[in-house]
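Participant: Here you go, query.cif (mmCIF, C-alpha atoms):
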data_data
#
loop_
_atom_site.group_PDB
_atom_site.id
_atom_site.type_symbol
_atom_site.label_atom_id
_atom_site.label_comp_id
_atom_site.auth_asym_id
_atom_site.auth_seq_id
_atom_site.Cartn_x
_atom_site.Cartn_y
_atom_site.Cartn_z
ATOM 1 C CA MET A 911 -6.619 19.111 13.143
ATOM 2 C CA ILE A 912 -7.564 19.844 9.545
ATOM 3 C CA ARG A 913 -4.754 17.555 8.418
ATOM 4 C CA GLU A 914 -6.162 14.672 10.490
ATOM 5 C CA ALA A 915 -9.634 15.256 9.070
ATOM 6 C CA VAL A 916 -8.264 15.172 5.519
ATOM 7 C CA VAL A 917 -6.296 11.967 6.236
ATOM 8 C CA THR A 918 -9.392 10.346 7.753
ATOM 9 C CA THR A 919 -11.538 11.328 4.783
ATOM 10 C CA LEU A 920 -9.003 9.986 2.289
ATOM 11 C CA LEU A 921 -8.622 6.703 4.189
ATOM 12 C CA VAL A 922 -12.391 6.231 4.440
ATOM 13 C CA CYS A 923 -12.769 6.936 0.703
ATOM 14 C CA GLY A 924 -10.059 4.383 -0.152
ATOM 15 C CA VAL A 925 -11.603 1.737 2.089
ATOM 16 C CA LEU A 926 -15.070 2.392 0.644
ATOM 17 C CA VAL A 927 -13.722 1.940 -2.878
ATOM 18 C CA GLU A 928 -12.124 -1.371 -1.864
ATOM 19 C CA ILE A 929 -15.332 -2.618 -0.206
ATOM 20 C CA LEU A 930 -17.470 -1.667 -3.211
ATOM 21 C CA CYS A 931 -15.030 -3.381 -5.587
ATOM 22 C CA CYS A 932 -15.040 -6.485 -3.412
ATOM 23 C CA VAL A 933 -18.851 -6.559 -3.470
ATOM 24 C CA GLY A 934 -18.754 -6.078 -7.245
ATOM 25 C CA LEU A 935 -16.241 -8.887 -7.632
ATOM 26 C CA VAL A 936 -18.526 -11.274 -5.781
ATOM 27 C CA ALA A 937 -21.809 -10.030 -7.269
ATOM 28 C CA MET A 938 -20.847 -10.185 -10.953
ATOM 29 C CA ARG A 939 -21.157 -13.471 -12.806
ATOM 30 C CA ASN A 940 -18.983 -12.923 -15.904
ATOM 31 C CA PRO A 941 -15.146 -12.566 -15.814
ATOM 32 C CA LEU A 942 -15.339 -9.435 -17.990
ATOM 33 C CA ASP A 943 -17.925 -7.859 -15.660
ATOM 34 C CA ARG A 944 -15.667 -8.756 -12.739
ATOM 35 C CA LEU A 945 -12.750 -7.016 -14.492
ATOM 36 C CA HIS A 946 -14.843 -3.867 -14.700
ATOM 37 C CA ALA A 947 -15.805 -4.204 -11.044
ATOM 38 C CA ILE A 948 -12.207 -4.359 -9.766
ATOM 39 C CA ALA A 949 -10.848 -1.497 -11.915
ATOM 40 C CA PRO A 950 -11.521 1.254 -9.311
ATOM 41 C CA ALA A 951 -9.633 -0.771 -6.689
ATOM 42 C CA ASN A 952 -6.539 -0.568 -8.898
ATOM 43 C CA ILE A 953 -6.859 3.112 -9.828
ATOM 44 C CA LEU A 954 -8.840 5.087 -7.224
ATOM 45 C CA ALA A 955 -7.827 3.274 -4.032
ATOM 46 C CA PRO A 956 -4.027 3.749 -4.535
ATOM 47 C CA ILE A 957 -4.627 7.455 -5.202
ATOM 48 C CA PHE A 958 -6.647 7.850 -1.989
ATOM 49 C CA PHE A 959 -4.211 5.871 0.178
ATOM 50 C CA ALA A 960 -1.097 7.517 -1.250
ATOM 51 C CA ALA A 961 -2.711 10.928 -0.802
ATOM 52 C CA ALA A 962 -3.527 10.036 2.819
ATOM 53 C CA VAL A 963 0.098 9.091 3.479
ATOM 54 C CA MET A 964 1.367 12.224 1.721
ATOM 55 C CA VAL A 965 -0.937 14.497 3.745
ATOM 56 C CA ARG A 966 0.058 12.772 6.995
ATOM 57 C CA GLU A 967 3.820 12.721 6.403
ATOM 58 C CA GLY A 968 4.442 15.816 4.295
ATOM 59 C CA ALA A 969 7.509 15.793 2.067
ATOM 60 C CA GLY A 970 9.723 12.825 2.842
ATOM 61 C CA GLN A 971 10.766 9.289 2.074
ATOM 62 C CA ALA A 972 7.368 7.746 2.882
ATOM 63 C CA SER A 973 5.485 10.170 0.635
ATOM 64 C CA VAL A 974 7.793 9.590 -2.312
ATOM 65 C CA LYS A 975 7.637 5.811 -1.965
ATOM 66 C CA CYS A 976 3.833 5.764 -1.616
ATOM 67 C CA ALA A 977 3.502 8.028 -4.649
ATOM 68 C CA LEU A 978 5.785 5.662 -6.558
ATOM 69 C CA ILE A 979 3.729 2.615 -5.518
ATOM 70 C CA ALA A 980 0.484 4.323 -6.563
ATOM 71 C CA PHE A 981 2.057 5.458 -9.829
ATOM 72 C CA VAL A 982 3.296 1.949 -10.700
ATOM 73 C CA LEU A 983 -0.061 0.404 -9.736
ATOM 74 C CA ILE A 984 -1.957 2.904 -11.901
ATOM 75 C CA LEU A 985 0.487 2.340 -14.758
ATOM 76 C CA VAL A 986 0.434 -1.481 -14.787
ATOM 77 C CA SER A 987 -3.143 -2.350 -13.795
ATOM 78 C CA PRO A 988 -4.741 -1.297 -17.141
ATOM 79 C CA VAL A 989 -2.152 -3.439 -18.940
ATOM 80 C CA ILE A 990 -2.981 -6.454 -16.771
ATOM 81 C CA SER A 991 -6.715 -5.839 -17.176
ATOM 82 C CA HIS A 992 -6.302 -5.665 -20.935
ATOM 83 C CA ALA A 993 -4.264 -8.887 -21.025
ATOM 84 C CA THR A 994 -6.806 -10.669 -18.815
ATOM 85 C CA GLY A 995 -9.746 -9.434 -20.896
ATOM 86 C CA ARG A 996 -7.989 -10.559 -24.063
ATOM 87 C CA ALA A 997 -7.350 -13.992 -22.546
ATOM 88 C CA VAL A 998 -11.017 -14.292 -21.541
ATOM 89 C CA TRP A 999 -12.147 -13.282 -25.025
ATOM 90 C CA ILE A 1000 -9.812 -15.740 -26.800
ATOM 91 C CA ARG A 1001 -10.807 -18.594 -24.491
ATOM 92 C CA GLU A 1002 -14.520 -17.923 -25.037
ATOM 93 C CA LYS A 1003 -13.980 -17.669 -28.788
ATOM 94 C CA ASN A 1004 -12.157 -21.015 -28.865
ATOM 95 C CA HIS A 1005 -14.870 -22.521 -26.683
ATOM 96 C CA ARG A 1006 -17.621 -21.301 -29.059
ATOM 97 C CA GLU A 1007 -15.760 -22.601 -32.124
ATOM 98 C CA HIS A 1008 -15.323 -26.021 -30.513
ATOM 99 C CA HIS A 1009 -19.008 -26.315 -29.750
ATOM 100 C CA SER A 1010 -20.435 -24.934 -32.996
ATOM 101 C CA MET B 1363 -6.943 0.390 17.339
ATOM 102 C CA ASN B 1364 -6.411 3.475 15.215
ATOM 103 C CA LEU B 1365 -7.902 4.337 11.846
ATOM 104 C CA TRP B 1366 -4.976 2.923 9.867
ATOM 105 C CA GLU B 1367 -5.284 -0.466 11.562
ATOM 106 C CA ILE B 1368 -9.040 -0.533 10.868
ATOM 107 C CA ALA B 1369 -8.315 0.234 7.199
ATOM 108 C CA ILE B 1370 -5.724 -2.579 7.095
ATOM 109 C CA LEU B 1371 -8.211 -4.986 8.695
ATOM 110 C CA ILE B 1372 -10.923 -4.086 6.161
ATOM 111 C CA LEU B 1373 -8.462 -4.502 3.288
ATOM 112 C CA VAL B 1374 -7.457 -7.961 4.528
ATOM 113 C CA LEU B 1375 -11.125 -8.889 4.999
ATOM 114 C CA ALA B 1376 -11.863 -7.636 1.471
ATOM 115 C CA MET B 1377 -9.230 -10.074 0.205
ATOM 116 C CA MET B 1378 -11.104 -13.059 1.678
ATOM 117 C CA PRO B 1379 -13.876 -13.304 -0.993
ATOM 118 C CA ALA B 1380 -11.144 -13.023 -3.619
ATOM 119 C CA MET B 1381 -9.284 -15.902 -1.947
ATOM 120 C CA VAL B 1382 -12.450 -18.024 -2.022
ATOM 121 C CA LEU B 1383 -12.908 -17.164 -5.704
ATOM 122 C CA ILE B 1384 -9.270 -18.085 -6.462
ATOM 123 C CA ALA B 1385 -9.667 -21.422 -4.695
ATOM 124 C CA ARG B 1386 -13.121 -22.398 -5.955
ATOM 125 C CA GLY B 1387 -14.050 -20.239 -8.951
ATOM 126 C CA ARG B 1388 -13.646 -20.919 -12.642
ATOM 127 C CA THR B 1389 -10.229 -20.302 -14.182
ATOM 128 C CA MET B 1390 -10.717 -16.793 -15.532
ATOM 129 C CA ASP B 1391 -12.717 -15.672 -12.484
ATOM 130 C CA ALA B 1392 -9.787 -16.834 -10.373
ATOM 131 C CA LEU B 1393 -7.389 -14.789 -12.505
ATOM 132 C CA VAL B 1394 -9.489 -11.640 -12.039
ATOM 133 C CA ALA B 1395 -9.730 -12.313 -8.306
ATOM 134 C CA LEU B 1396 -5.946 -12.757 -8.176
ATOM 135 C CA GLU B 1397 -5.519 -9.336 -9.739
ATOM 136 C CA PHE B 1398 -7.789 -7.788 -7.108
ATOM 137 C CA ALA B 1399 -6.100 -9.659 -4.265
ATOM 138 C CA SER B 1400 -2.612 -8.610 -5.347
ATOM 139 C CA SER B 1401 -3.544 -4.923 -5.539
ATOM 140 C CA ALA B 1402 -5.357 -5.101 -2.177
ATOM 141 C CA GLY B 1403 -2.295 -6.835 -0.703
ATOM 142 C CA VAL B 1404 0.010 -4.107 -2.000
ATOM 143 C CA LEU B 1405 -2.208 -1.427 -0.470
ATOM 144 C CA ALA B 1406 -2.486 -3.310 2.842
ATOM 145 C CA LEU B 1407 1.322 -3.607 3.071
ATOM 146 C CA MET B 1408 1.622 0.101 2.255
ATOM 147 C CA LEU B 1409 -0.777 1.005 5.067
ATOM 148 C CA ILE B 1410 1.019 -1.326 7.513
ATOM 149 C CA ALA B 1411 4.360 0.367 6.779
ATOM 150 C CA GLU B 1412 2.777 3.765 7.263
ATOM 151 C CA ASP B 1413 0.944 2.708 10.425
ATOM 152 C CA ILE B 1414 4.150 1.619 12.190
ATOM 153 C CA ARG B 1415 6.002 4.628 10.721
ATOM 154 C CA ARG B 1416 8.787 2.683 9.019
ATOM 155 C CA PRO B 1417 9.316 4.192 5.550
ATOM 156 C CA SER B 1418 11.952 1.549 4.752
ATOM 157 C CA PHE B 1419 9.223 -1.133 4.935
ATOM 158 C CA LEU B 1420 7.555 0.530 1.931
ATOM 159 C CA ASP B 1421 10.093 -1.304 -0.231
ATOM 160 C CA ILE B 1422 8.055 -4.498 0.315
ATOM 161 C CA PRO B 1423 4.817 -3.308 -1.398
ATOM 162 C CA LEU B 1424 6.947 -1.663 -4.084
ATOM 163 C CA ALA B 1425 8.681 -4.985 -4.779
ATOM 164 C CA LEU B 1426 5.335 -6.821 -4.671
ATOM 165 C CA VAL B 1427 3.686 -4.524 -7.209
ATOM 166 C CA LEU B 1428 6.685 -4.826 -9.534
ATOM 167 C CA LEU B 1429 6.698 -8.636 -9.222
ATOM 168 C CA SER B 1430 2.935 -9.170 -9.491
ATOM 169 C CA TYR B 1431 2.886 -7.339 -12.839
ATOM 170 C CA PRO B 1432 4.855 -9.939 -14.870
ATOM 171 C CA ALA B 1433 3.199 -12.737 -12.888
ATOM 172 C CA SER B 1434 -0.308 -11.624 -13.875
ATOM 173 C CA LEU B 1435 0.776 -10.997 -17.452
ATOM 174 C CA LEU B 1436 2.263 -14.497 -17.720
ATOM 175 C CA PHE B 1437 -0.862 -16.061 -16.229
ATOM 176 C CA ALA B 1438 -3.049 -14.153 -18.693
ATOM 177 C CA HIS B 1439 -0.804 -15.078 -21.613
ATOM 178 C CA PHE B 1440 -0.759 -18.795 -20.832
ATOM 179 C CA TYR B 1441 -4.456 -18.967 -20.005
ATOM 180 C CA GLU B 1442 -5.229 -17.627 -23.476
ATOM 181 C CA ARG B 1443 -4.962 -21.073 -25.016
ATOM 182 C CA TRP B 1444 -2.428 -23.406 -23.458
ATOM 183 C CA LEU B 1445 -3.863 -24.068 -19.993
#
What is this file in structure tokens?

Facilitator:
Amino acid sequence: MIREAVVTTLLVCGVLVEILCCVGLVAMRNPLDRLHAIAPANILAPIFFAAAVMVREGAGQASVKCALIAFVLILVSPVISHATGRAVWIREKNHREHHS
Amino acid sequence: MNLWEIAILILVLAMMPAMVLIARGRTMDALVALEFASSAGVLALMLIAEDIRRPSFLDIPLALVLLSYPASLLFAHFYERWL
């Protein structure tokens, strides 16, 4: 019973994070602002969902794989965000230099 | 419809605005939306595998997250100045 309540709470938290990030993605106007808006979807949501699976399944294959997926997502998403932000910055810099 | 299926449905629905942004937005907005859509897709696949209780299906989101990483990096690298 308690386990189900914990799983439900974790799932609802993960879904809320995704919805808020989606709203942020649409509401922001600048690519860099949008990058900030989607960051929680790459960090917090995998933690919540993997924790939900781990609480539901206990120790086992599913828990290990979900933890691995969340770990990889948390590891690579800052790198991708950095590369995207750098690309945005370089493009805007080139654009400014062309028009000045 | 259990809670996991509702979560999957919301995740897929959350990908829709990102799809619109990828199709119609400016280049860098589309790249950011692609990043969001790929992570939401990974999480949706993870929840699907857990919902139908097939741990072996969790290899699919694992492969997707490992493949979307170099894809996004390459996109970002080439959009810096060449495209």

Participant: Could you list, as a list in words, every residue within 7 Å of region 992-1006 of chain A, counting only C-alpha atoms and ignoring same-chain residues fewer than 2 positions away?

Facilitator: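 Close residues of region 992-1006 of chain A: Leu942, Pro988, Val989, Ile990, His1008, His1009 and Ser1010 of chain A; Met1390, Leu1435, Ala1438, His1439, Tyr1441, Glu1442 and Arg1443 of chain B.
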
Participant: Just how far from CA of Leu1428 (chain B) is CA of Ala937 (chain A), in Å to one decimal?

Facilitator: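 Going from CA of Ala937 (chain A) over to CA of Leu1428 (chain B) covers 29.1 Å.
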
Participant: Find the spatial neighbours of Arg944 (chain A), counting only C-alpha atoms, within a cut-off of 9 Å - ignore same-chain residues fewer than 2 positions away - and output them as a ChimeraX atom specification.

Facilitator: /A:931,934-942,946-949 /B:1391,1394-1395

Participant: Which residues of chain B are close to chain A, meaning at most 9 Å apart when you count all atoms listed in the file, and how do they look as number ranges by chain?

Facilitator: B: 1365-1366, 1369-1370, 1372-1373, 1376-1377, 1379-1380, 1383, 1390-1395, 1397-1398, 1401-1402, 1404-1405, 1408-1409, 1411-1412, 1415-1418, 1420-1421, 1423-1424, 1427-1428, 1431-1432, 1434-1435, 1437-1443

Participant: Quick one: distance from CA of Val1374 (chain B) to CA of Gly1403 (chain B) in Å, one decimal?

Facilitator: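 Distance between the two atoms: 7.4 Å.
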
Participant: Between CA of Leu920 (chain A) and CA of Phe958 (chain A), what is the distance in Å, rounded to a tenth?

Facilitator: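 Atom-to-atom, CA of Leu920 (chain A) to CA of Phe958 (chain A), that is 5.3 Å.
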
Participant: Find the smallest box with edges along x, y and z containing every listed atom of region 1421-1440 of chain B, then add 4 Å on each side and report centre and edge lengths in Å to one decimal, as lines of an AutoDock Vina configuration file.

Facilitator:
center_x = 3.5
center_y = -10.0
center_z = -10.6
size_x = 21.1
size_y = 25.5
size_z = 29.9

Participant: From the list A:Leu985, A:Ala977, A:Leu954, A:Ala969, which residue is nearest Val927 (chain A) when using only C-alpha atoms?

Facilitator: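 Of the candidates, the smallest distance to Val927 (chain A) is held by A:Leu954.
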
Participant: If you keep N, CA and C atoms, can you output region 937-958 of chain A as a short mmCIF file (atom, residue, chain, number, x, y, z; two decimals), in the first residue's frame?

Facilitator:
data_model
loop_
_atom_site.label_atom_id
_atom_site.label_comp_id
_atom_site.auth_asym_id
_atom_site.auth_seq_id
_atom_site.Cartn_x
_atom_site.Cartn_y
_atom_site.Cartn_z
N ALA A 937 6.62 28.57 -24.06
CA ALA A 937 6.43 29.95 -23.62
C ALA A 937 7.65 30.83 -23.90
N MET A 938 8.86 30.25 -23.80
CA MET A 938 10.06 31.06 -23.99
C MET A 938 10.22 31.45 -25.45
N ARG A 939 10.95 32.55 -25.67
CA ARG A 939 11.09 33.05 -27.04
C ARG A 939 12.51 32.89 -27.59
N ASN A 940 13.48 32.72 -26.69
CA ASN A 940 14.89 32.69 -27.06
C ASN A 940 15.40 31.24 -26.97
N PRO A 941 16.24 30.76 -27.89
CA PRO A 941 16.74 29.38 -27.77
C PRO A 941 17.48 29.12 -26.45
N LEU A 942 18.21 30.10 -25.94
CA LEU A 942 18.92 29.89 -24.67
C LEU A 942 17.95 29.77 -23.50
N ASP A 943 16.88 30.60 -23.51
CA ASP A 943 15.85 30.47 -22.48
C ASP A 943 15.17 29.10 -22.57
N ARG A 944 14.96 28.65 -23.81
CA ARG A 944 14.32 27.33 -24.00
C ARG A 944 15.22 26.24 -23.46
N LEU A 945 16.54 26.38 -23.65
CA LEU A 945 17.49 25.39 -23.10
C LEU A 945 17.35 25.30 -21.59
N HIS A 946 17.23 26.48 -20.94
CA HIS A 946 17.04 26.47 -19.49
C HIS A 946 15.73 25.79 -19.12
N ALA A 947 14.69 26.03 -19.94
CA ALA A 947 13.37 25.49 -19.61
C ALA A 947 13.35 23.97 -19.68
N ILE A 948 14.12 23.36 -20.61
CA ILE A 948 14.02 21.90 -20.75
C ILE A 948 15.01 21.16 -19.86
N ALA A 949 15.90 21.87 -19.15
CA ALA A 949 16.90 21.18 -18.34
C ALA A 949 16.29 20.25 -17.28
N PRO A 950 15.25 20.67 -16.54
CA PRO A 950 14.68 19.75 -15.55
C PRO A 950 14.11 18.47 -16.16
N ALA A 951 13.62 18.55 -17.41
CA ALA A 951 13.09 17.35 -18.04
C ALA A 951 14.18 16.32 -18.29
N ASN A 952 15.43 16.78 -18.42
CA ASN A 952 16.53 15.86 -18.66
C ASN A 952 17.18 15.36 -17.37
N ILE A 953 16.97 16.08 -16.27
CA ILE A 953 17.65 15.70 -15.02
C ILE A 953 16.65 15.16 -14.00
N LEU A 954 15.60 15.94 -13.70
CA LEU A 954 14.68 15.55 -12.62
C LEU A 954 13.74 14.41 -13.03
N ALA A 955 13.18 14.52 -14.26
CA ALA A 955 12.20 13.53 -14.68
C ALA A 955 12.78 12.11 -14.72
N PRO A 956 14.00 11.89 -15.29
CA PRO A 956 14.55 10.52 -15.25
C PRO A 956 14.75 10.01 -13.84
N ILE A 957 15.13 10.90 -12.91
CA ILE A 957 15.31 10.46 -11.51
C ILE A 957 13.97 9.99 -10.94
N PHE A 958 12.91 10.79 -11.16
CA PHE A 958 11.60 10.41 -10.63
C PHE A 958 11.11 9.10 -11.23
#
